[in-house]
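What follows is a set of notes on a single structure, which appears directly below.
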Amino acid sequence: MFYRLILLFSVFMNNVAAAPLNHYQWIGSHNSYKQALPASAFRFLAEKDSHRAAQIDYAHPSLATQLDLGIRQLEIDVVNDPNGNQYHIPELAARLNEQWLTENARHRLAKPGFKVLHIPHVDVRSHCIEFTSCLSQLVAWSDANPSHFPIVIMMNVKENQPAFLSSPPPALFDEKAFAALDTAIKDTLQQRLVTPASIQGKFDSLREAIVQQGWPDVNELKGKFLFLFDGNAEQRRRYLRGQPSLTQQAMFASFDPDHPSAAIMIKNNPVDQQADIRALVARGFMVRTRSDANFSAPDSVKAAQREAAFRSGAQMISTDFYPQSPQAKRHGYQVSFVDGALRRPHPFIPK
C-alpha cells in the first residue's frame with residue numbers, strides 16, 4: 001500500500017509540475033548505439049594517432065538500458081548502403097585477420113539499407129546494426145513505458161571514412177536517401193513521432209510557432225519522440241529537398257535562429273558558446289550541447305565543460321559519462337545533476 005501511495009503521489013506531482021518542453025534540462029548520451037572498439041583495433045589506431053584512438057575508447061549499454069537509467073536524449077549515426085555488401089566484412093578486421101561480428105550481424109550488414117556504425121570499416125560494433133532495428137528497439141521500450149518524458153534522437157549521417165582505408169567510401173545521402181530515412185522514421189514511430197509540422201501548426205513557419213507560441217507542455221508530449229538532424233550546411237540543403245522549410249520532413253534540423261525552420265540548435269562548445277546558447281534559450285529555442293567533447297581530457301577540464309554546459313541553459317547535454325556508463329565506472333567521473341538526477345527544471349527560464 002505504501003509503495004502504491006508513493007507511485008500515485010509521483011504521478012500527481014509529475015502532472016502538477018509539468019511545463020513546456022524547453023523548461024527542462026536533461027542529460028543525453030553521445031553515439032548511444034556504440035559498443036566497445038576491439039582491443040586490437042585500439043592498438044592499431046593508437047600507433048597511428050594516440051589522441052584519436054583515445055577519443056573513441058568508449059562504449060554504451062543497450063538503448064533500452066540507457067532509457068531505463070533515465071537518459072532522454074540519444075544519438076544515432078547512419079551510413080547509406082543502398083546496394084549492400086559494403087560493410088559486412090570490416091576492412092580493419094580483415095587486415096588484422098580477426099572476426100569482430102557474429103554471423104547474424106554480418107548477414108544483416110550485407111543487406112541493402114541504412115546501417116548504424118561509428119567509423120566505417122574501423123569502429124563498427126553496434127547495439128543495432130540496422131537503423132530500423134534501432135527504431136524498433138525505441139518503440140518496444142516506449143510500449144513498455146508509455147508515459148515517458150519525450151525523447152530526442154539526434155541523427156548524424158556518415159559520408160566519409162579514414163584515409164588509410166582502401167574500401168569504397170560511403171554513399172552520399174542524396175534527396176532520395178534522405179526521403180527514405182524520413183519514411184523509415186515515420187513508418188516505425190507513427191503516432192509517437194513529433195514532427196516539425198506538428199509543432200508549426202497554423203503558423204506560417206516553425207520559427208514563428210516557437211517564438212510566438214512556444215513548445216508544447218510535456219504532458220502533451222508524453223510517450224513521444226523528436227528527431228534532430230545534425231548535419232553540415234550542404235547536408236541540410238539536401239535534407240530540405242528543395243523546399244524552404246521542414247513541413248514534410250520527419251526530423252528537426254539545426255538552423256540559424258532567423259531561418260524559417262529554426263527550433264532546435266546544436267552548440268557543442270558551452271565554454272566558448274556560452275553567451276550564444278543563453279541568448280537562444282532566452283528566445284524560446286532549444287539547444288543541445290556537450291559536456292565532454294574531449295574524451296581524453298583530464299577530469300578537471302571535463303568538469304569545467306560540464307559546469308559550463310549546466311550554466312549555459314542548453315536543454316540537452318550530451319555526455320559519455322552519465323551514471324552507470326562504462327566510462328563513469330572506469331574513470332570514477334560522471335555527469336549528472338544533484339543526487340545523480342538526469343533531468344531537472346530549467347535553472348533560469350521563469351516558470
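Ligands are numbered from 1 in the order shown, residues from 1 within each chain, and chains are lettered A, B, ... in the order they appear in the C-alpha cells.
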TODO: List the neighbours of stretch 288-290 of chain A out to 9 Å using only C-alpha atoms; skip same-chain residues closer than 2 positions along the sequence, and give me the result as a ChimeraX atom specification.
DONE: /A:28,30,264-270,277,286,292-293,305-306,309,312,314-319
Task: Contacts of stretch 250-261 of chain A within 6 Å, only C-alpha atoms, excl. fewer than 2 positions in-chain, as a ChimeraX atom specification - done: /A:182,195-196,205-207,227-229,245,264-266
Open item on the list: Env of A:Cys128: 9 Å cut, atoms = only C-alpha atoms, seq-sep filter 6 positions within chain, self excluded. Answer as an MDAnalysis selection string.
Closed with: chainID A and resid 33:34 62:63 115:117 134:135 137
TODO: Would you mind listing what lies within 6 Å of A:Glu75 as number ranges by chain, with only C-alpha atoms counted and same-chain residues fewer than 6 positions away left out?
DONE: A: 30-32, 153-155
Task: DSSP strand (DSSP E or B) selection over stretch 163-344 of chain A, as a PyMOL selection string - done: chain A and resi 171+193-194+217+225-229+251-253+264-266+286-290+316-319+343-344
TODO: Mind listing the alpha helix (DSSP H) residues of stretch 19-50 of chain A, per DSSP on the backbone, as an NGL selection string?
DONE: :A and (39-48 or 50)
Write out, as JSON lines, each residue of stretch 8-118 of chain A that has an atom at most 10 Å from stretch 321-324 of chain A, together with the closest pair of atoms and their distance in Å to one decimal, counting only C-alpha atoms, rows going by chain and rising number.
{"residue": "A:Ile27", "atom": "CA", "partner": "A:Tyr322", "partner_atom": "CA", "distance": 7.5}
{"residue": "A:Gly28", "atom": "CA", "partner": "A:Tyr322", "partner_atom": "CA", "distance": 7.9}
{"residue": "A:Ser29", "atom": "CA", "partner": "A:Tyr322", "partner_atom": "CA", "distance": 7.3}
{"residue": "A:His30", "atom": "CA", "partner": "A:Phe321", "partner_atom": "CA", "distance": 9.2}
{"residue": "A:Tyr58", "atom": "CA", "partner": "A:Phe321", "partner_atom": "CA", "distance": 9.4}
{"residue": "A:His60", "atom": "CA", "partner": "A:Gln324", "partner_atom": "CA", "distance": 9.5}
{"residue": "A:Pro61", "atom": "CA", "partner": "A:Gln324", "partner_atom": "CA", "distance": 9.2}
{"residue": "A:Gln66", "atom": "CA", "partner": "A:Gln324", "partner_atom": "CA", "distance": 9.1}
{"residue": "A:Leu69", "atom": "CA", "partner": "A:Gln324", "partner_atom": "CA", "distance": 8.1}
{"residue": "A:Gly70", "atom": "CA", "partner": "A:Tyr322", "partner_atom": "CA", "distance": 9.7}
{"residue": "A:Ile71", "atom": "CA", "partner": "A:Tyr322", "partner_atom": "CA", "distance": 8.3}
Resulting file, chosen residues, N, CA and C atoms, as a compact mmCIF listing (two decimals), in the first residue's frame:
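Writing done, so here's result_24.txt:
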# COMPACT_ATOMS: atom_id res chain seq x y z
N ILE A 27 20.00 15.15 -19.39
CA ILE A 27 21.26 14.54 -19.81
C ILE A 27 20.99 13.53 -20.93
N GLY A 28 21.83 13.58 -21.96
CA GLY A 28 21.75 12.61 -23.04
C GLY A 28 23.06 11.88 -23.22
N SER A 29 23.06 10.88 -24.07
CA SER A 29 24.29 10.14 -24.35
C SER A 29 24.77 10.43 -25.76
N HIS A 30 26.05 10.24 -25.96
CA HIS A 30 26.73 10.56 -27.22
C HIS A 30 27.04 9.26 -27.97
N TYR A 58 35.35 4.31 -25.91
CA TYR A 58 34.19 4.34 -25.02
C TYR A 58 33.11 3.43 -25.59
N HIS A 60 28.66 2.05 -24.76
CA HIS A 60 27.41 2.26 -24.02
C HIS A 60 26.66 0.94 -23.89
N PRO A 61 25.84 0.81 -22.86
CA PRO A 61 24.93 -0.33 -22.82
C PRO A 61 23.83 -0.16 -23.86
N GLN A 66 19.95 2.35 -21.36
CA GLN A 66 20.16 3.78 -21.16
C GLN A 66 18.84 4.48 -20.83
N LEU A 69 17.86 3.92 -17.35
CA LEU A 69 18.65 4.73 -16.42
C LEU A 69 18.12 6.15 -16.32
N GLY A 70 17.34 6.59 -17.31
CA GLY A 70 16.80 7.94 -17.30
C GLY A 70 17.30 8.84 -18.41
N ILE A 71 18.15 8.31 -19.29
CA ILE A 71 18.61 9.08 -20.44
C ILE A 71 17.40 9.39 -21.34
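The space separating atom CA of A:Ala341 from atom CA of A:Gln327 comes to 17.5 Å.
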